[in-house]
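K.L.:
One file is attached below, protein-v8.csv, containing CSV, C-alpha atoms.
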chain,number,residue,atom,x,y,z
D,25,MET,CA,-34.9,9.6,-5.3
D,26,GLN,CA,-32.4,7.0,-6.3
D,27,GLU,CA,-32.1,4.2,-3.8
D,28,THR,CA,-28.8,3.6,-2.3
D,29,PRO,CA,-27.5,0.1,-3.2
D,30,SER,CA,-27.4,-2.3,-0.3
D,31,LEU,CA,-24.1,-2.8,1.6
D,32,ARG,CA,-24.2,-6.4,0.6
D,33,ASP,CA,-23.3,-5.4,-3.0
D,34,VAL,CA,-20.2,-3.5,-2.1
D,35,PRO,CA,-17.1,-5.6,-2.7
D,36,LEU,CA,-15.4,-3.9,0.3
D,37,PHE,CA,-17.9,-5.7,2.6
D,38,ARG,CA,-17.8,-9.1,1.0
D,39,HIS,CA,-16.1,-10.9,3.9
D,40,LEU,CA,-18.5,-9.6,6.5
D,41,ASP,CA,-21.2,-11.9,7.9
D,42,ASP,CA,-24.7,-10.7,8.6
D,43,GLU,CA,-23.9,-9.7,12.2
D,44,GLU,CA,-20.8,-7.8,11.2
D,45,LEU,CA,-22.7,-6.0,8.5
D,46,GLU,CA,-25.3,-5.0,11.0
D,47,GLU,CA,-22.7,-3.7,13.3
D,48,LEU,CA,-21.3,-1.5,10.5
D,49,GLU,CA,-24.7,-0.5,9.3
D,50,GLU,CA,-25.5,1.1,12.6
D,51,LEU,CA,-22.4,3.3,12.4
D,52,LEU,CA,-22.6,4.2,8.7
D,53,GLU,CA,-24.4,7.4,7.7
D,54,PRO,CA,-25.8,8.1,4.3
D,55,ALA,CA,-24.0,10.9,2.4
D,56,SER,CA,-24.5,12.4,-1.0
D,57,PHE,CA,-22.8,14.9,-3.1
D,58,GLU,CA,-23.9,16.8,-6.2
D,59,ALA,CA,-21.7,17.0,-9.3
D,60,GLY,CA,-18.9,19.5,-8.7
D,61,GLU,CA,-19.1,19.2,-4.9
D,62,THR,CA,-15.8,18.7,-3.0
D,63,ILE,CA,-15.5,15.6,-0.9
D,64,PHE,CA,-12.0,16.2,0.3
D,65,GLU,CA,-9.9,19.3,-0.3
D,66,GLU,CA,-6.1,18.8,-0.8
D,67,GLY,CA,-4.3,19.8,2.4
D,68,GLY,CA,-7.6,19.8,4.3
D,69,PRO,CA,-9.0,17.3,6.9
D,70,GLU,CA,-9.6,13.7,5.8
D,71,GLU,CA,-11.6,12.6,8.9
D,72,ARG,CA,-14.1,10.4,7.3
D,73,LEU,CA,-14.2,7.2,5.2
D,74,TYR,CA,-16.7,7.3,2.4
D,75,VAL,CA,-17.9,4.1,0.8
D,76,ILE,CA,-19.2,5.3,-2.5
D,77,THR,CA,-22.0,3.2,-3.9
D,78,SER,CA,-22.9,5.2,-7.0
D,79,GLY,CA,-21.5,7.9,-9.1
D,80,THR,CA,-18.0,9.0,-10.2
D,81,VAL,CA,-15.4,11.0,-8.4
D,82,ALA,CA,-12.2,12.8,-9.7
D,83,VAL,CA,-8.9,13.1,-7.9
D,84,HIS,CA,-6.9,16.2,-8.3
D,85,LYS,CA,-3.6,17.4,-7.0
D,86,ARG,CA,-1.6,20.6,-7.3
D,87,VAL,CA,1.5,18.9,-8.5
D,88,LEU,CA,3.1,21.9,-10.1
D,89,PRO,CA,2.5,25.5,-9.0
D,90,GLY,CA,-0.5,27.0,-10.6
D,91,ARG,CA,-1.7,23.8,-12.2
D,92,ARG,CA,-4.3,21.4,-10.8
D,93,GLN,CA,-3.6,18.0,-12.2
D,94,ARG,CA,-6.3,15.4,-12.6
D,95,LEU,CA,-4.8,12.1,-11.4
D,96,ALA,CA,-7.7,9.8,-11.6
D,97,THR,CA,-11.4,9.3,-12.3
D,98,ILE,CA,-12.9,6.6,-10.1
D,99,GLU,CA,-16.3,5.0,-10.5
D,100,ALA,CA,-18.4,3.4,-7.8
D,101,PRO,CA,-18.1,1.1,-6.0
D,102,THR,CA,-15.0,2.5,-4.4
D,103,VAL,CA,-13.8,4.0,-1.2
D,104,VAL,CA,-12.2,7.3,-0.5
D,105,GLY,CA,-10.6,8.6,2.7
D,106,GLU,CA,-8.7,5.3,3.3
D,107,MET,CA,-5.3,6.9,3.3
D,108,GLY,CA,-6.5,9.4,5.9
D,109,LEU,CA,-7.8,6.5,8.0
D,110,LEU,CA,-4.5,4.6,7.9
D,111,THR,CA,-2.0,7.5,8.0
D,112,GLU,CA,-2.6,11.2,8.8
D,113,PRO,CA,-6.1,12.6,8.6
D,114,ARG,CA,-5.0,15.2,6.0
D,115,ALA,CA,-6.0,14.9,2.4
D,116,ALA,CA,-3.0,14.5,0.0
D,117,ALA,CA,-5.3,15.2,-3.0
D,118,SER,CA,-8.7,16.7,-3.6
D,119,VAL,CA,-11.6,14.4,-4.3
D,120,GLU,CA,-14.6,15.9,-6.1
D,121,ALA,CA,-17.9,14.5,-7.3
D,122,ARG,CA,-18.1,14.3,-11.1
D,123,THR,CA,-21.7,13.1,-11.0
D,124,ARG,CA,-24.2,12.9,-8.2
D,125,VAL,CA,-22.5,10.6,-5.7
D,126,GLU,CA,-24.2,8.4,-3.1
D,127,ALA,CA,-22.1,7.1,-0.3
D,128,HIS,CA,-22.1,5.7,3.2
D,129,CYS,CA,-19.7,7.4,5.6
D,130,ILE,CA,-18.1,6.6,8.9
D,131,ASP,CA,-16.1,8.8,11.2
D,132,ARG,CA,-12.3,8.1,11.1
D,133,ASP,CA,-11.9,8.2,14.9
D,134,ARG,CA,-14.8,5.8,15.4
D,135,PHE,CA,-13.5,3.4,12.8
D,136,LEU,CA,-10.0,3.5,14.4
D,137,GLU,CA,-11.6,2.8,17.8
D,138,MET,CA,-13.3,-0.3,16.3
D,139,LEU,CA,-10.0,-1.4,14.9
D,140,ASP,CA,-8.3,-1.0,18.3
D,141,GLU,CA,-11.0,-3.0,19.8
D,142,ASP,CA,-10.3,-5.7,17.2
D,143,SER,CA,-13.8,-5.4,15.7
D,144,MET,CA,-13.8,-8.0,12.9
D,145,ALA,CA,-16.2,-5.9,10.9
D,146,ALA,CA,-13.6,-3.1,10.8
D,147,CYS,CA,-10.6,-5.5,10.3
D,148,LYS,CA,-12.3,-7.2,7.3
D,149,VAL,CA,-13.0,-3.8,5.7
D,150,VAL,CA,-9.3,-2.9,6.1
D,151,TYR,CA,-8.3,-6.2,4.7
D,152,GLU,CA,-9.9,-5.2,1.4
D,153,ILE,CA,-8.5,-1.7,1.6
D,154,GLY,CA,-5.0,-3.3,2.2
D,155,ARG,CA,-5.4,-5.4,-0.9
D,156,ALA,CA,-6.2,-2.4,-3.0
D,157,LEU,CA,-3.3,-0.5,-1.5
D,158,ALA,CA,-0.9,-3.4,-2.3
D,159,ASN,CA,-1.9,-3.3,-5.9
D,160,ARG,CA,-1.7,0.5,-6.2
D,161,MET,CA,1.7,0.3,-4.6
D,162,ALA,CA,2.9,-2.2,-7.2
D,163,ARG,CA,1.8,0.3,-9.9
D,164,THR,CA,3.5,3.2,-8.3
D,165,ASP,CA,6.7,1.1,-7.9
D,166,GLY,CA,6.4,0.5,-11.7
D,167,THR,CA,6.1,4.2,-12.3
D,168,ILE,CA,9.2,4.9,-10.2
D,169,ALA,CA,11.1,2.2,-11.9
D,170,LYS,CA,10.4,3.7,-15.3
D,171,LEU,CA,11.4,7.1,-14.0
D,172,ILE,CA,14.7,5.8,-12.8
D,173,ALA,CA,15.3,3.9,-16.1
D,174,ARG,CA,14.6,7.1,-18.0
D,175,LEU,CA,17.1,9.0,-15.8
D,176,GLU,CA,19.6,6.2,-16.4
D,177,GLY,CA,19.1,6.7,-20.1
D,178,GLY,CA,19.6,10.5,-19.7
D,179,GLU,CA,23.0,9.8,-18.2
D,180,SER,CA,24.2,8.0,-21.4
D,181,GLY,CA,23.8,11.1,-23.3
D,182,GLU,CA,20.3,10.4,-24.8
D,183,THR,CA,18.3,13.6,-25.1
D,184,THR,CA,15.3,13.5,-22.8
D,185,ASP,CA,12.2,15.4,-23.7
D,186,PHE,CA,11.4,16.3,-20.2
D,187,GLU,CA,8.0,17.7,-21.0
D,188,ILE,CA,6.7,14.6,-22.7
D,189,PHE,CA,8.2,12.4,-20.0
D,190,GLN,CA,6.7,14.5,-17.3
D,191,ASP,CA,3.3,14.2,-18.9
D,192,ARG,CA,3.6,10.5,-19.2
D,193,LEU,CA,4.7,10.2,-15.6
D,194,ILE,CA,1.7,12.1,-14.4
D,195,ARG,CA,-0.6,10.0,-16.5
D,196,GLU,CA,0.8,6.7,-15.5
D,197,TRP,CA,1.0,7.5,-11.8
D,198,SER,CA,-1.8,5.7,-10.2
D,199,PHE,CA,-2.7,7.8,-7.3
Q,68,MET,CA,6.8,-24.4,14.1
Q,69,THR,CA,7.7,-23.1,17.5
Q,70,GLU,CA,5.8,-20.1,18.7
Q,71,GLU,CA,8.9,-18.4,20.0
Q,72,GLY,CA,9.8,-17.4,16.4
Q,73,LEU,CA,6.9,-15.0,16.4
Q,74,GLN,CA,7.5,-13.7,19.8
Q,75,GLY,CA,9.3,-10.5,20.3
Q,76,VAL,CA,8.5,-9.5,16.8
Q,77,ARG,CA,6.9,-6.1,17.1
Q,78,PHE,CA,4.8,-6.9,14.1
Q,79,PHE,CA,3.0,-9.7,16.0
Q,80,GLU,CA,2.5,-8.1,19.4
Q,81,PHE,CA,-1.1,-7.3,18.6
Q,82,LEU,CA,-2.0,-11.0,18.4
Q,83,THR,CA,-3.3,-12.9,21.4
Q,84,GLU,CA,-1.3,-15.9,22.4
Q,85,GLU,CA,-3.9,-18.2,20.8
Q,86,GLU,CA,-3.7,-16.3,17.6
Q,87,ARG,CA,0.0,-16.4,17.5
Q,88,ALA,CA,-0.3,-20.1,17.9
Q,89,GLU,CA,-2.6,-20.2,14.9
Q,90,PHE,CA,0.0,-18.5,12.8
Q,91,ALA,CA,2.8,-20.6,14.2
Q,92,GLU,CA,0.9,-23.7,13.2
Q,93,GLY,CA,0.8,-22.7,9.6
Q,94,SER,CA,4.3,-21.1,9.4
Q,95,GLU,CA,7.7,-22.6,8.7
Q,96,LEU,CA,11.1,-22.0,10.1
Q,97,VAL,CA,13.4,-21.4,7.2
Q,98,ALA,CA,17.1,-20.6,6.8
Q,99,PHE,CA,19.0,-19.0,3.9
Q,100,GLU,CA,22.7,-19.2,3.0
Q,101,PRO,CA,24.6,-16.1,1.8
Q,102,GLY,CA,23.5,-15.3,-1.7
Q,103,ASP,CA,20.1,-17.1,-1.5
Q,104,GLU,CA,17.1,-15.2,-2.7
Q,105,ILE,CA,14.4,-14.8,-0.1
Q,106,ILE,CA,12.1,-12.8,-2.4
Q,107,GLU,CA,12.7,-12.6,-6.1
Q,108,GLU,CA,11.9,-9.4,-8.1
Q,109,GLY,CA,9.1,-10.0,-10.5
Q,110,GLY,CA,8.4,-13.5,-9.1
Q,111,GLU,CA,4.9,-14.7,-8.1
Q,112,PRO,CA,3.3,-12.8,-5.2
Q,113,GLY,CA,4.6,-14.7,-2.3
Q,114,SER,CA,4.9,-15.2,1.4
Q,115,LEU,CA,5.7,-13.0,4.3
Q,116,PHE,CA,9.0,-13.5,6.1
Q,117,VAL,CA,9.8,-12.4,9.6
Q,118,LEU,CA,13.6,-12.2,9.6
Q,119,THR,CA,14.9,-13.3,13.0
Q,120,SER,CA,18.7,-13.2,12.4
Q,121,GLY,CA,21.2,-12.3,9.7
Q,122,ARG,CA,21.6,-9.5,7.2
Q,123,VAL,CA,19.7,-9.1,3.9
Q,124,GLU,CA,20.2,-6.9,0.9
Q,125,VAL,CA,17.3,-5.3,-1.1
Q,126,ARG,CA,18.3,-5.0,-4.7
Q,127,LYS,CA,16.5,-3.9,-7.8
Q,128,ARG,CA,17.2,-4.7,-11.5
Q,129,ILE,CA,18.0,-1.7,-13.7
Q,130,PRO,CA,16.7,-1.8,-17.3
Q,131,GLY,CA,19.7,-2.3,-19.6
Q,132,GLY,CA,21.4,-4.7,-17.1
Q,133,GLY,CA,22.8,-4.7,-13.7
Q,134,GLU,CA,21.3,-4.3,-10.2
Q,135,ARG,CA,21.2,-1.5,-7.6
Q,136,LEU,CA,21.4,-1.9,-3.9
Q,137,LEU,CA,18.4,-0.2,-2.4
Q,138,ALA,CA,18.9,-1.1,1.2
Q,139,GLU,CA,20.7,-3.4,3.7
Q,140,ILE,CA,18.7,-4.7,6.6
Q,141,ASP,CA,20.2,-6.2,9.7
Q,142,ALA,CA,17.6,-8.5,11.4
Q,143,THR,CA,19.8,-9.4,14.3
Q,144,ASP,CA,19.1,-6.3,16.3
Q,145,GLU,CA,15.5,-6.0,15.5
Q,146,ARG,CA,13.3,-8.6,13.8
Q,147,THR,CA,12.2,-7.3,10.4
Q,148,VAL,CA,9.3,-8.2,8.2
Q,149,VAL,CA,9.6,-8.5,4.4
Q,150,GLY,CA,7.0,-9.5,1.7
Q,151,GLU,CA,4.0,-7.8,3.2
Q,152,ARG,CA,2.9,-6.4,-0.2
Q,153,GLY,CA,3.1,-9.9,-1.8
Q,154,LEU,CA,1.0,-11.4,0.9
Q,155,LEU,CA,-1.9,-9.0,0.4
Q,156,GLY,CA,-1.6,-8.1,-3.3
Q,157,GLU,CA,-1.7,-9.8,-6.6
Q,158,SER,CA,1.5,-8.6,-8.2
Q,159,GLY,CA,5.1,-9.8,-8.1
Q,160,ALA,CA,7.8,-8.3,-5.8
Q,161,SER,CA,9.3,-5.0,-6.9
Q,162,ALA,CA,12.7,-5.9,-5.6
Q,163,THR,CA,14.9,-8.9,-4.7
Q,164,VAL,CA,15.7,-9.6,-1.1
Q,165,ARG,CA,18.9,-11.6,-0.8
Q,166,ALA,CA,20.6,-13.1,2.2
Q,167,ALA,CA,24.0,-11.3,2.8
Q,168,ASP,CA,25.0,-13.9,5.4
Q,169,ARG,CA,23.1,-16.8,7.0
Q,170,VAL,CA,19.6,-15.6,7.6
Q,171,GLU,CA,16.9,-17.3,9.7
Q,172,ALA,CA,13.3,-16.5,9.2
Q,173,VAL,CA,9.8,-17.5,10.0
Q,174,LYS,CA,7.8,-17.9,6.8
Q,175,ILE,CA,4.1,-17.3,6.7
Q,176,PRO,CA,3.1,-18.9,3.4
Q,177,ARG,CA,0.6,-17.1,1.2
Q,178,GLN,CA,-1.6,-20.2,1.1
Q,179,THR,CA,-1.8,-20.3,4.9
Q,180,PHE,CA,-2.7,-16.7,5.1
Q,181,ARG,CA,-5.3,-17.0,2.3
Q,182,ARG,CA,-6.8,-20.1,4.0
Q,183,MET,CA,-7.1,-18.2,7.3
Q,184,VAL,CA,-8.8,-15.3,5.5
Q,185,SER,CA,-11.3,-17.6,3.8
Q,186,GLU,CA,-12.0,-19.3,7.1
Q,187,GLY,CA,-12.7,-15.9,8.6
Q,188,ARG,CA,-10.0,-16.2,11.3
Q,189,PRO,CA,-9.6,-13.0,13.2
Q,190,ALA,CA,-5.8,-13.4,13.4
Q,191,ALA,CA,-5.5,-13.1,9.6
Q,192,PHE,CA,-7.6,-9.9,9.5
Q,193,LYS,CA,-5.8,-8.4,12.4
Q,194,LEU,CA,-2.5,-9.0,10.6
Q,195,SER,CA,-4.1,-7.4,7.5
Q,196,TYR,CA,-4.8,-4.2,9.4
Q,197,ARG,CA,-1.1,-3.9,10.4
Q,198,ILE,CA,0.1,-4.6,6.9
Q,199,ALA,CA,-2.4,-2.1,5.4
Q,200,ARG,CA,-1.0,0.6,7.8
Q,201,THR,CA,2.6,-0.2,6.8
Q,202,LEU,CA,1.6,-0.1,3.1
Q,203,ALA,CA,-0.3,3.1,3.4
Q,204,ARG,CA,2.7,4.8,5.0
Q,205,ARG,CA,5.0,3.5,2.3
Q,206,LEU,CA,2.6,4.5,-0.4
Q,207,THR,CA,2.4,8.0,1.0
Q,208,ARG,CA,6.2,8.2,0.7
Q,209,LEU,CA,6.2,6.8,-2.8
Q,210,ASP,CA,3.5,9.3,-3.9
Q,211,GLU,CA,5.6,12.1,-2.5
Q,212,GLU,CA,8.6,10.8,-4.5
Q,213,VAL,CA,6.6,10.9,-7.7
Q,214,VAL,CA,5.4,14.5,-7.0
Q,215,GLU,CA,9.0,15.5,-6.3
Q,216,ALA,CA,10.2,13.9,-9.5
Q,217,ILE,CA,7.6,15.7,-11.5
Q,218,ARG,CA,8.6,19.0,-9.9
Q,219,GLU,CA,12.3,18.3,-10.5
Q,220,LEU,CA,11.6,17.5,-14.2
Q,221,GLU,CA,9.9,20.9,-14.4
Q,222,SER,CA,13.3,22.4,-14.0
Q,223,ARG,CA,14.1,20.5,-17.2
Q,224,GLY,CA,17.6,19.4,-16.6
Q,225,GLU,CA,18.8,22.3,-14.6
Q,226,THR,CA,19.1,19.9,-11.8
Q,227,ASP,CA,22.0,17.4,-11.6
Q,228,LEU,CA,20.1,14.4,-12.9
Q,229,GLU,CA,22.6,11.9,-11.7
Q,230,ALA,CA,22.4,13.2,-8.1
Q,231,PHE,CA,18.6,13.3,-8.4
Q,232,ARG,CA,18.4,9.7,-9.6
Q,233,ASP,CA,20.6,8.5,-6.7
Q,234,LYS,CA,18.4,10.4,-4.2
Q,235,LEU,CA,15.3,8.8,-5.8
Q,236,MET,CA,16.9,5.3,-5.5
Q,237,THR,CA,17.9,5.8,-1.9
Q,238,ASP,CA,14.6,7.3,-0.8
Q,239,TRP,CA,12.7,4.6,-2.6
Q,240,ALA,CA,14.3,1.8,-0.6
Q,241,VAL,CA,11.8,-0.1,1.5
Since I need it in another form, could you write the structure as structure tokens?
P.N.:
Amino acid sequence: MQETPSLRDVPLFRHLDDEELEELEELLEPASFEAGETIFEEGGPEERLYVITSGTVAVHKRVLPGRRQRLATIEAPTVVGEMGLLTEPRAAASVEARTRVEAHCIDRDRFLEMLDEDSMAACKVVYEIGRALANRMARTDGTIAKLIARLEGGESGETTDFEIFQDRLIREWSF
Amino acid sequence: MTEEGLQGVRFFEFLTEEERAEFAEGSELVAFEPGDEIIEEGGEPGSLFVLTSGRVEVRKRIPGGGERLLAEIDATDERTVVGERGLLGESGASATVRAADRVEAVKIPRQTFRRMVSEGRPAAFKLSYRIARTLARRLTRLDEEVVEAIRELESRGETDLEAFRDKLMTDWAV
């Protein structure tokens, strides 16, 4: 069996000292998924945070009726379930294992409790999550800016090929 | 800097008195005159500002020239925070925040924050948690906007594009 990489090697945990890492290690449970297995189902519960240490996941969303759009393919190391942790515990998109996936998981409620108790281990993990969110938000802002620019162009009488533009929008959107 | 600048700001309620003092030590009291830019669109990722009085405008450049007003914030009634994304992230601001009248603010410089992070100060990580929550909520809304835009485009121009664009602009406002 493939050995799960040590938590030390996960960038998400780089600010943690040995003691904090131990505190987290006690709460983290190993999890694994086979290729094709669903980790989160769009609209379903998102009550766990998975720290993925090996493998690849795909993010899908039903953006248009009858069409399941792939939004992203993400390789380890990465984290999924962070939006559920910080907002509502409901998945905005589906996350599926593309290959065999090894992960550590922690219960959302337990993790929130740690944050409420000002656990530094938990706060340091969220610091890294926050940095990732800030950068993703910048990209989404860029996408919306392009969308608005395009709509401004449409106003001046330029013909807009909506289908091409829509495809590009979906591709560029960094979910 | 005096500590009172950070007091009564809902954003900082979670800090202990000691931690507030740590932030206060590294922060500056700043004032802006009407028209001054507090945050510049596209500028370097910058500092966090807790606006304590005055009104600001959030504006965004439009390709092909001009600007659009995204929001007006009055900090006099309730202290407001701007620049959270710049503090945590690596990219420049997505909009300009400009003083509409005289604005007073507490500035937490990016360098101060980064130093506190590298020193492992709990106050900095506790602030990060609050910022992350704010960003996650905004990001959820932005993602919904993009989805809605894609769905609108599916109707291929049957919608009133101008009205749709205006709605997008308004909803986008931070």
K.L.:
I'd like the interatomic distance between CA of Ile76 (chain D) and CA of Met161 (chain D), to a tenth of an Å.
P.N.:
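Distance between the two atoms: 21.6 Å.
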K.L.:
Quote the spacing between CA of His84 (chain D) and CA of Arg160 (chain D) in Å to one decimal place.
P.N.:
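The value is 16.7 Å.
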K.L.:
One number please: CA of Ser120 (chain Q) to CA of Leu209 (chain Q), in Å, one decimal.
P.N.:
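Distance between the two atoms: 28.1 Å.
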K.L.:
Determine the nearest neighbour of chain Q from the options D:Arg174, D:Arg91, D:Lys148, D:Arg132, counting all atoms listed in the file.
P.N.:
D:Lys148
K.L.:
So which residues touch region 107-118 of chain D within 8 Å, counting all atoms listed in the file, skipping near sequence neighbours fewer than 5 positions away, as a PyMOL selection string?
P.N.:
(chain D and resi 62-73+83-86+132+136) or (chain Q and resi 199-200+203-204)
K.L.:
Looking at only C-alpha atoms, which of D:Asn159, D:Thr123, D:Thr164, D:Ser143 is the one that sits closest to Leu40 (chain D)?
P.N.:
D:Ser143
K.L.:
Given the choices Q:Thr163, Q:Leu155, Q:Thr201, Q:Pro176, which gets closest to chain D if the distance is worked out from only C-alpha atoms?
P.N.:
Q:Leu155
K.L.:
So, with all atoms listed in the file as the atoms that count, which of Q:Ala88, Q:Ala190, Q:Ile217, Q:Leu154 lies closest to Ser114 (chain Q)?
P.N.:
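Among Q:Ala88, Q:Ala190, Q:Ile217, Q:Leu154, it is Q:Leu154 that comes nearest to Ser114 (chain Q).
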K.L.:
So that I can see what lies close to Glu171 (chain Q), please list as a VMD selection string the residues with an atom at most 7 Å from it, counting all atoms listed in the file and leaving out residues fewer than 2 positions away in the same chain.
P.N.:
chain Q and resid 97 to 99 118 to 121 169
K.L.:
Using all atoms listed in the file, collect all residues at a distance of at most 12 Å from (-12.4, -6.4, 17.2) as written in the file, then present them as a PyMOL selection string.
P.N.:
(chain D and resi 44+47+135-149) or (chain Q and resi 81-83+188-190+192-193+196)
K.L.:
If we count all atoms listed in the file and set the cut-off at 12 Å, which residues sit around Thr179 (chain Q), ignoring sequence neighbours fewer than 6 positions away in its own chain? Please answer as a compact mmCIF listing (two decimals) with C-alpha atoms, in the coordinates of the input.
P.N.:
# COMPACT_ATOMS: atom_id res chain seq x y z
CA GLU Q 89 -2.60 -20.20 14.90
CA PHE Q 90 0.00 -18.50 12.80
CA ALA Q 91 2.80 -20.60 14.20
CA GLU Q 92 0.90 -23.70 13.20
CA GLY Q 93 0.80 -22.70 9.60
CA SER Q 94 4.30 -21.10 9.40
CA GLU Q 95 7.70 -22.60 8.70
CA GLY Q 113 4.60 -14.70 -2.30
CA SER Q 114 4.90 -15.20 1.40
CA LEU Q 115 5.70 -13.00 4.30
CA LEU Q 154 1.00 -11.40 0.90
CA SER Q 185 -11.30 -17.60 3.80
CA GLU Q 186 -12.00 -19.30 7.10
CA ARG Q 188 -10.00 -16.20 11.30
CA ALA Q 190 -5.80 -13.40 13.40
CA ALA Q 191 -5.50 -13.10 9.60
K.L.:
Between D:Gly154, D:Pro101, D:Gly60, D:Pro35, which residue has the minimum interatomic distance to Ser78 (chain D), considering all atoms listed in the file?
P.N.:
D:Pro101
K.L.:
Restricting the calculation to only C-alpha atoms: of Q:Leu96, Q:Met183, Q:Ala138, Q:Ala160, which residue gets closest to chain D?
P.N.:
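When distances to chain D are compared using only C-alpha atoms, the smallest one comes from Q:Ala160.
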K.L.:
Which neighbours of Val34 (chain D) fall inside 12 Å, counting only C-alpha atoms, when residues of the same chain fewer than 2 positions from it are skipped, and could you give them as a PyMOL selection string?
P.N.:
chain D and resi 28-32+36-40+45+75-78+100-103+127-128+149+152
K.L.:
With C-alpha atoms kept, could you save the residues just selected as a compact mmCIF listing (two decimals), keeping the file's coordinate frame?
P.N.:
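Below is the file part_31.txt, written as the result:
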# COMPACT_ATOMS: atom_id res chain seq x y z
CA THR D 28 -28.80 3.60 -2.30
CA PRO D 29 -27.50 0.10 -3.20
CA SER D 30 -27.40 -2.30 -0.30
CA LEU D 31 -24.10 -2.80 1.60
CA ARG D 32 -24.20 -6.40 0.60
CA LEU D 36 -15.40 -3.90 0.30
CA PHE D 37 -17.90 -5.70 2.60
CA ARG D 38 -17.80 -9.10 1.00
CA HIS D 39 -16.10 -10.90 3.90
CA LEU D 40 -18.50 -9.60 6.50
CA LEU D 45 -22.70 -6.00 8.50
CA VAL D 75 -17.90 4.10 0.80
CA ILE D 76 -19.20 5.30 -2.50
CA THR D 77 -22.00 3.20 -3.90
CA SER D 78 -22.90 5.20 -7.00
CA ALA D 100 -18.40 3.40 -7.80
CA PRO D 101 -18.10 1.10 -6.00
CA THR D 102 -15.00 2.50 -4.40
CA VAL D 103 -13.80 4.00 -1.20
CA ALA D 127 -22.10 7.10 -0.30
CA HIS D 128 -22.10 5.70 3.20
CA VAL D 149 -13.00 -3.80 5.70
CA GLU D 152 -9.90 -5.20 1.40
K.L.:
With N, CA and C atoms as the target, complete region 162-175 of chain Q and hand it back as an mmCIF file, keeping the file's coordinate frame.
P.N.:
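Just written: part_34.cif:
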data_model
loop_
_atom_site.group_PDB
_atom_site.id
_atom_site.type_symbol
_atom_site.label_atom_id
_atom_site.label_comp_id
_atom_site.auth_asym_id
_atom_site.auth_seq_id
_atom_site.Cartn_x
_atom_site.Cartn_y
_atom_site.Cartn_z
ATOM 1 N N ALA Q 162 11.272 -5.828 -5.817
ATOM 2 C CA ALA Q 162 12.700 -5.900 -5.600
ATOM 3 C C ALA Q 162 13.083 -7.284 -5.094
ATOM 4 N N THR Q 163 14.360 -7.587 -5.198
ATOM 5 C CA THR Q 163 14.900 -8.900 -4.700
ATOM 6 C C THR Q 163 15.403 -8.679 -3.292
ATOM 7 N N VAL Q 164 15.063 -9.611 -2.412
ATOM 8 C CA VAL Q 164 15.700 -9.600 -1.100
ATOM 9 C C VAL Q 164 16.580 -10.811 -1.005
ATOM 10 N N ARG Q 165 17.875 -10.553 -0.773
ATOM 11 C CA ARG Q 165 18.900 -11.600 -0.800
ATOM 12 C C ARG Q 165 19.620 -11.695 0.513
ATOM 13 N N ALA Q 166 19.887 -12.902 0.934
ATOM 14 C CA ALA Q 166 20.600 -13.100 2.200
ATOM 15 C C ALA Q 166 22.078 -12.632 1.972
ATOM 16 N N ALA Q 167 22.569 -11.784 2.888
ATOM 17 C CA ALA Q 167 24.000 -11.300 2.800
ATOM 18 C C ALA Q 167 24.849 -12.239 3.651
ATOM 19 N N ASP Q 168 24.303 -12.763 4.716
ATOM 20 C CA ASP Q 168 25.000 -13.900 5.400
ATOM 21 C C ASP Q 168 23.870 -14.870 5.795
ATOM 22 N N ARG Q 169 24.158 -15.780 6.708
ATOM 23 C CA ARG Q 169 23.100 -16.800 7.000
ATOM 24 C C ARG Q 169 21.942 -16.073 7.681
ATOM 25 N N VAL Q 170 20.768 -16.324 7.115
ATOM 26 C CA VAL Q 170 19.600 -15.600 7.600
ATOM 27 C C VAL Q 170 18.556 -16.680 8.068
ATOM 28 N N GLU Q 171 18.013 -16.435 9.235
ATOM 29 C CA GLU Q 171 16.900 -17.300 9.700
ATOM 30 C C GLU Q 171 15.643 -16.494 9.725
ATOM 31 N N ALA Q 172 14.566 -17.170 9.360
ATOM 32 C CA ALA Q 172 13.300 -16.500 9.200
ATOM 33 C C ALA Q 172 12.117 -17.376 9.532
ATOM 34 N N VAL Q 173 11.018 -16.742 9.856
ATOM 35 C CA VAL Q 173 9.800 -17.500 10.000
ATOM 36 C C VAL Q 173 8.967 -17.103 8.714
ATOM 37 N N LYS Q 174 8.524 -18.130 8.001
ATOM 38 C CA LYS Q 174 7.800 -17.900 6.800
ATOM 39 C C LYS Q 174 6.311 -18.125 6.986
ATOM 40 N N ILE Q 175 5.516 -17.123 6.663
ATOM 41 C CA ILE Q 175 4.100 -17.300 6.700
ATOM 42 C C ILE Q 175 3.636 -17.455 5.225
#
